[in-house]
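S.K.: The following file, structure.csv, comprises CSV, C-alpha atoms:
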chain,number,residue,atom,x,y,z
O,7,MET,CA,-24.6,5.4,14.8
O,8,LEU,CA,-20.9,6.4,14.7
O,9,GLN,CA,-20.3,5.0,18.2
O,10,GLU,CA,-21.9,1.7,17.2
O,11,LEU,CA,-19.8,1.6,14.0
O,12,GLN,CA,-16.7,2.1,16.1
O,13,ARG,CA,-17.7,-0.8,18.3
O,14,LEU,CA,-18.4,-3.0,15.3
O,15,PHE,CA,-15.0,-2.2,13.9
O,16,ALA,CA,-13.3,-3.0,17.1
O,17,TYR,CA,-15.1,-6.4,16.9
O,18,HIS,CA,-14.2,-6.6,13.2
O,19,THR,CA,-10.5,-6.2,14.0
O,20,TRP,CA,-10.6,-8.6,17.0
O,21,ALA,CA,-12.4,-11.3,15.0
O,22,ASN,CA,-10.2,-11.1,12.0
O,23,LEU,CA,-7.1,-11.3,14.2
O,24,GLU,CA,-8.5,-14.3,16.1
O,25,THR,CA,-9.1,-16.0,12.7
O,26,ALA,CA,-5.5,-15.2,11.6
O,27,ARG,CA,-4.3,-16.6,14.9
O,28,ALA,CA,-6.2,-19.9,14.2
O,29,LEU,CA,-4.8,-20.0,10.7
O,30,ILE,CA,-1.2,-19.5,12.0
O,31,ALA,CA,-1.7,-22.2,14.6
O,32,CYS,CA,-2.2,-24.8,11.8
O,33,ARG,CA,1.1,-26.4,10.7
O,34,THR,CA,-0.2,-26.6,7.2
O,35,PRO,CA,-3.3,-24.5,6.9
O,36,PRO,CA,-5.8,-25.2,4.1
O,37,ASP,CA,-4.7,-23.1,1.1
O,38,ARG,CA,-8.3,-22.0,0.5
O,39,ALA,CA,-8.6,-20.7,4.1
O,40,ARG,CA,-5.4,-18.7,3.6
O,41,LYS,CA,-6.6,-17.3,0.3
O,42,ILE,CA,-9.9,-16.3,1.7
O,43,LEU,CA,-8.4,-14.5,4.7
O,44,ALA,CA,-5.8,-12.8,2.4
O,45,HIS,CA,-8.8,-11.6,0.4
O,46,GLN,CA,-10.2,-10.1,3.6
O,47,VAL,CA,-7.1,-8.0,3.9
O,48,GLY,CA,-7.3,-7.0,0.2
O,49,ALA,CA,-11.0,-6.2,0.3
O,50,ASP,CA,-10.6,-4.0,3.5
O,51,ARG,CA,-7.8,-2.1,1.9
O,52,LEU,CA,-9.9,-1.6,-1.2
O,53,TRP,CA,-12.8,-0.2,0.7
O,54,LEU,CA,-10.6,2.0,2.8
O,55,GLU,CA,-9.0,3.4,-0.3
O,56,ARG,CA,-12.5,4.1,-1.7
O,57,LEU,CA,-13.3,6.1,1.5
O,58,ARG,CA,-10.0,8.0,1.7
O,59,PRO,CA,-8.4,7.9,-1.7
O,60,GLU,CA,-4.6,8.0,-1.5
O,61,GLY,CA,-3.8,6.7,-5.0
O,62,ALA,CA,-3.1,3.1,-3.9
O,63,LYS,CA,-4.6,0.3,-6.0
O,64,PRO,CA,-5.1,-2.5,-3.5
O,65,VAL,CA,-5.1,-6.1,-4.8
O,66,VAL,CA,-8.4,-7.7,-3.9
O,67,TRP,CA,-7.0,-11.3,-3.8
O,68,PRO,CA,-3.4,-10.8,-2.6
O,69,ASP,CA,-1.1,-13.8,-2.2
O,70,LEU,CA,-0.1,-13.5,1.5
O,71,THR,CA,1.4,-15.8,4.1
O,72,PRO,CA,-0.5,-16.3,7.3
O,73,GLU,CA,1.9,-14.0,9.1
O,74,GLN,CA,1.5,-11.3,6.4
O,75,ILE,CA,-2.2,-11.6,6.8
O,76,ARG,CA,-1.9,-11.0,10.5
O,77,GLU,CA,0.3,-8.0,9.9
O,78,GLY,CA,-2.1,-6.6,7.3
O,79,LEU,CA,-5.0,-7.0,9.7
O,80,LEU,CA,-3.2,-5.2,12.5
O,81,GLU,CA,-2.4,-2.4,10.1
O,82,LEU,CA,-6.0,-2.2,8.9
O,83,GLY,CA,-7.2,-2.2,12.5
O,84,ARG,CA,-5.2,0.9,13.1
O,85,ALA,CA,-6.3,2.5,9.8
O,86,TRP,CA,-10.0,1.9,10.5
O,87,ASP,CA,-9.6,3.3,14.1
O,88,ALA,CA,-8.0,6.4,12.6
O,89,TYR,CA,-10.6,6.8,9.9
O,90,LEU,CA,-13.6,6.3,12.2
O,91,GLY,CA,-12.0,8.6,14.8
O,92,ALA,CA,-11.8,11.4,12.3
O,93,LEU,CA,-15.3,10.8,10.9
O,94,SER,CA,-18.3,13.0,11.9
O,95,PRO,CA,-21.8,11.6,12.3
O,96,ARG,CA,-22.9,13.8,9.4
O,97,GLU,CA,-20.3,12.3,7.1
O,98,LEU,CA,-21.9,8.9,7.4
O,99,GLN,CA,-24.5,10.0,4.9
O,100,HIS,CA,-21.9,11.3,2.3
O,101,PRO,CA,-22.1,9.4,-1.0
O,102,ILE,CA,-18.9,7.8,-2.2
O,103,LEU,CA,-18.5,7.3,-6.0
O,104,TYR,CA,-16.4,4.3,-7.0
O,105,ARG,CA,-15.9,1.6,-9.6
O,106,ASN,CA,-16.3,-2.1,-8.8
O,107,SER,CA,-13.9,-4.8,-10.0
O,108,ARG,CA,-15.9,-5.0,-13.3
O,109,GLY,CA,-15.5,-1.3,-13.9
O,110,ASP,CA,-19.1,-0.5,-13.1
O,111,GLU,CA,-19.7,2.9,-11.4
O,112,TRP,CA,-21.6,2.9,-8.1
O,113,SER,CA,-22.4,5.3,-5.3
O,114,SER,CA,-22.9,4.2,-1.7
O,115,THR,CA,-23.0,6.2,1.5
O,116,VAL,CA,-20.1,6.0,3.9
O,117,ARG,CA,-22.5,4.3,6.4
O,118,ASP,CA,-23.5,1.5,4.0
O,119,ILE,CA,-19.9,0.9,3.0
O,120,LEU,CA,-18.8,0.6,6.6
O,121,LEU,CA,-21.6,-1.9,7.3
O,122,HIS,CA,-20.7,-3.8,4.2
O,123,VAL,CA,-17.1,-4.1,5.3
O,124,VAL,CA,-18.1,-5.6,8.6
O,125,THR,CA,-20.7,-8.1,7.1
O,126,HIS,CA,-18.4,-9.1,4.3
O,127,SER,CA,-15.7,-10.0,6.8
O,128,ALA,CA,-18.1,-12.1,8.9
O,129,TYR,CA,-19.1,-14.0,5.8
O,130,HIS,CA,-15.5,-14.8,4.9
O,131,ARG,CA,-14.6,-15.7,8.5
O,132,GLY,CA,-17.3,-18.3,8.4
O,133,GLN,CA,-15.8,-19.7,5.2
O,134,VAL,CA,-12.4,-19.8,6.9
O,135,ALA,CA,-13.8,-21.6,9.9
O,136,SER,CA,-15.5,-24.1,7.7
O,137,GLU,CA,-12.3,-24.8,5.8
O,138,LEU,CA,-10.3,-25.2,9.0
O,139,ARG,CA,-12.8,-27.5,10.6
O,140,ASN,CA,-13.1,-29.7,7.4
O,141,ALA,CA,-9.3,-30.0,7.5
O,142,GLY,CA,-9.3,-31.2,11.1
O,143,PHE,CA,-8.2,-27.9,12.7
O,144,GLU,CA,-9.9,-25.8,15.4
O,145,PRO,CA,-11.3,-22.6,14.0
O,146,ALA,CA,-11.4,-19.4,16.0
O,147,TYR,CA,-14.3,-18.6,18.2
O,148,THR,CA,-15.3,-15.2,16.9
O,149,ASP,CA,-18.8,-14.6,18.3
O,150,TYR,CA,-19.4,-10.9,19.0
O,151,ILE,CA,-20.4,-11.7,22.6
O,152,HIS,CA,-17.2,-13.6,23.2
O,153,CYS,CA,-15.3,-10.5,22.0
O,154,VAL,CA,-17.1,-8.4,24.6
O,155,ARG,CA,-16.5,-11.1,27.3
O,156,GLN,CA,-12.8,-11.0,26.5
O,157,GLY,CA,-12.8,-7.3,27.2
O,158,TRP,CA,-11.7,-6.2,23.7
O,159,ILE,CA,-14.6,-3.8,23.7
O,160,GLU,CA,-16.7,-2.6,26.6
O,161,GLU,CA,-20.3,-3.6,27.0
O,162,ALA,CA,-22.7,-1.0,25.7
O,163,PRO,CA,-24.0,1.4,28.4
Let me see whether you can do it: turn the structure in this file into structure tokens.

M.R.:
Amino acid sequence: MLQELQRLFAYHTWANLETARALIACRTPPDRARKILAHQVGADRLWLERLRPEGAKPVVWPDLTPEQIREGLLELGRAWDAYLGALSPRELQHPILYRNSRGDEWSSTVRDILLHVVTHSAYHRGQVASELRNAGFEPAYTDYIHCVRQGWIEEAP
């Protein structure tokens, strides 16, 4: 499972960066698209903080420029790689206690949090693609198989 999560996070990073590239390519990107992708940066930082608390309090809806979004996504890609590289398969079942944005306390396994991060990102990339298309711009092509075809991650053995 850990190996598959590492592959999913390689895709996660690639797809988010492709989406940021498409946003940057717009002369005047739709503000809603920018805000949604900035939220992706904030949400990833929040979940990473919940998994490896360092005292930071990430902003879930940061106000970032498209270039700042790209830089944040690059930084997060490195952070996820480091986190997953240090994780053992056994740790995937560890419960993580945290509070949501309303202050409610929850407990989720590391595995479920990681899967949530990837699916949450896919949901928001779809929103960004829709916003770009509706504004007359070309959204990024972020299908998983395209990522594999581009050589970003190797095909599974």

S.K.: Work out how far CA of Arg56 in chain O is from CA of Trp112 in chain O, in Å to one decimal.

M.R.: 11.2 Å

S.K.: Please report the interatomic distance between CA of Gly142 in chain O and CA of Gly83 in chain O in Å with one decimal.

M.R.: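 Distance between the two atoms: 29.1 Å.
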
S.K.: Find, counting all atoms listed in the file, the residue in O:Glu55, O:Glu97, O:Thr71, O:Glu24 that gets nearest to Thr115 in chain O.

M.R.: O:Glu97

S.K.: Write out as a ChimeraX atom specification each polymer residue whose atoms come within 9 Å of Asp50 in chain O, counting all atoms listed in the file; drop sequence neighbours fewer than 4 positions from it.

M.R.: /O:45-46,54-55,66,79,82,123,127

S.K.: CA of Trp67 in chain O and CA of Arg131 in chain O, how far apart in Å?

M.R.: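 Separation of CA of Arg131 in chain O and CA of Trp67 in chain O: 15.1 Å.
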
S.K.: Around (1.7, -16.1, 11.1), as given in the file, which residues come within 6 Å? Count only C-alpha atoms and list them as a list of chain:residue names.

M.R.: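 Neighbouring residues, ordered by chain and number, come to O:Ile30, O:Pro72, O:Glu73.
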
S.K.: Take the point (-5.3, -16.1, 10.9) in the file's coordinates, draw a sphere of radius 9 Å around it, and report as a VMD selection string every protein, DNA or RNA residue with an atom inside or on it, counting all atoms listed in the file.

M.R.: chain O and resid 22 to 31 39 to 40 43 72 to 73 75 to 76 134 146

S.K.: For C-alpha atoms, I'd like the residues from the last selection saved as a short mmCIF file (atom, residue, chain, number, x, y, z; two decimals), keeping the file's coordinate frame.

M.R.:
data_model
loop_
_atom_site.label_atom_id
_atom_site.label_comp_id
_atom_site.auth_asym_id
_atom_site.auth_seq_id
_atom_site.Cartn_x
_atom_site.Cartn_y
_atom_site.Cartn_z
CA ASN O 22 -10.20 -11.10 12.00
CA LEU O 23 -7.10 -11.30 14.20
CA GLU O 24 -8.50 -14.30 16.10
CA THR O 25 -9.10 -16.00 12.70
CA ALA O 26 -5.50 -15.20 11.60
CA ARG O 27 -4.30 -16.60 14.90
CA ALA O 28 -6.20 -19.90 14.20
CA LEU O 29 -4.80 -20.00 10.70
CA ILE O 30 -1.20 -19.50 12.00
CA ALA O 31 -1.70 -22.20 14.60
CA ALA O 39 -8.60 -20.70 4.10
CA ARG O 40 -5.40 -18.70 3.60
CA LEU O 43 -8.40 -14.50 4.70
CA PRO O 72 -0.50 -16.30 7.30
CA GLU O 73 1.90 -14.00 9.10
CA ILE O 75 -2.20 -11.60 6.80
CA ARG O 76 -1.90 -11.00 10.50
CA VAL O 134 -12.40 -19.80 6.90
CA ALA O 146 -11.40 -19.40 16.00
#
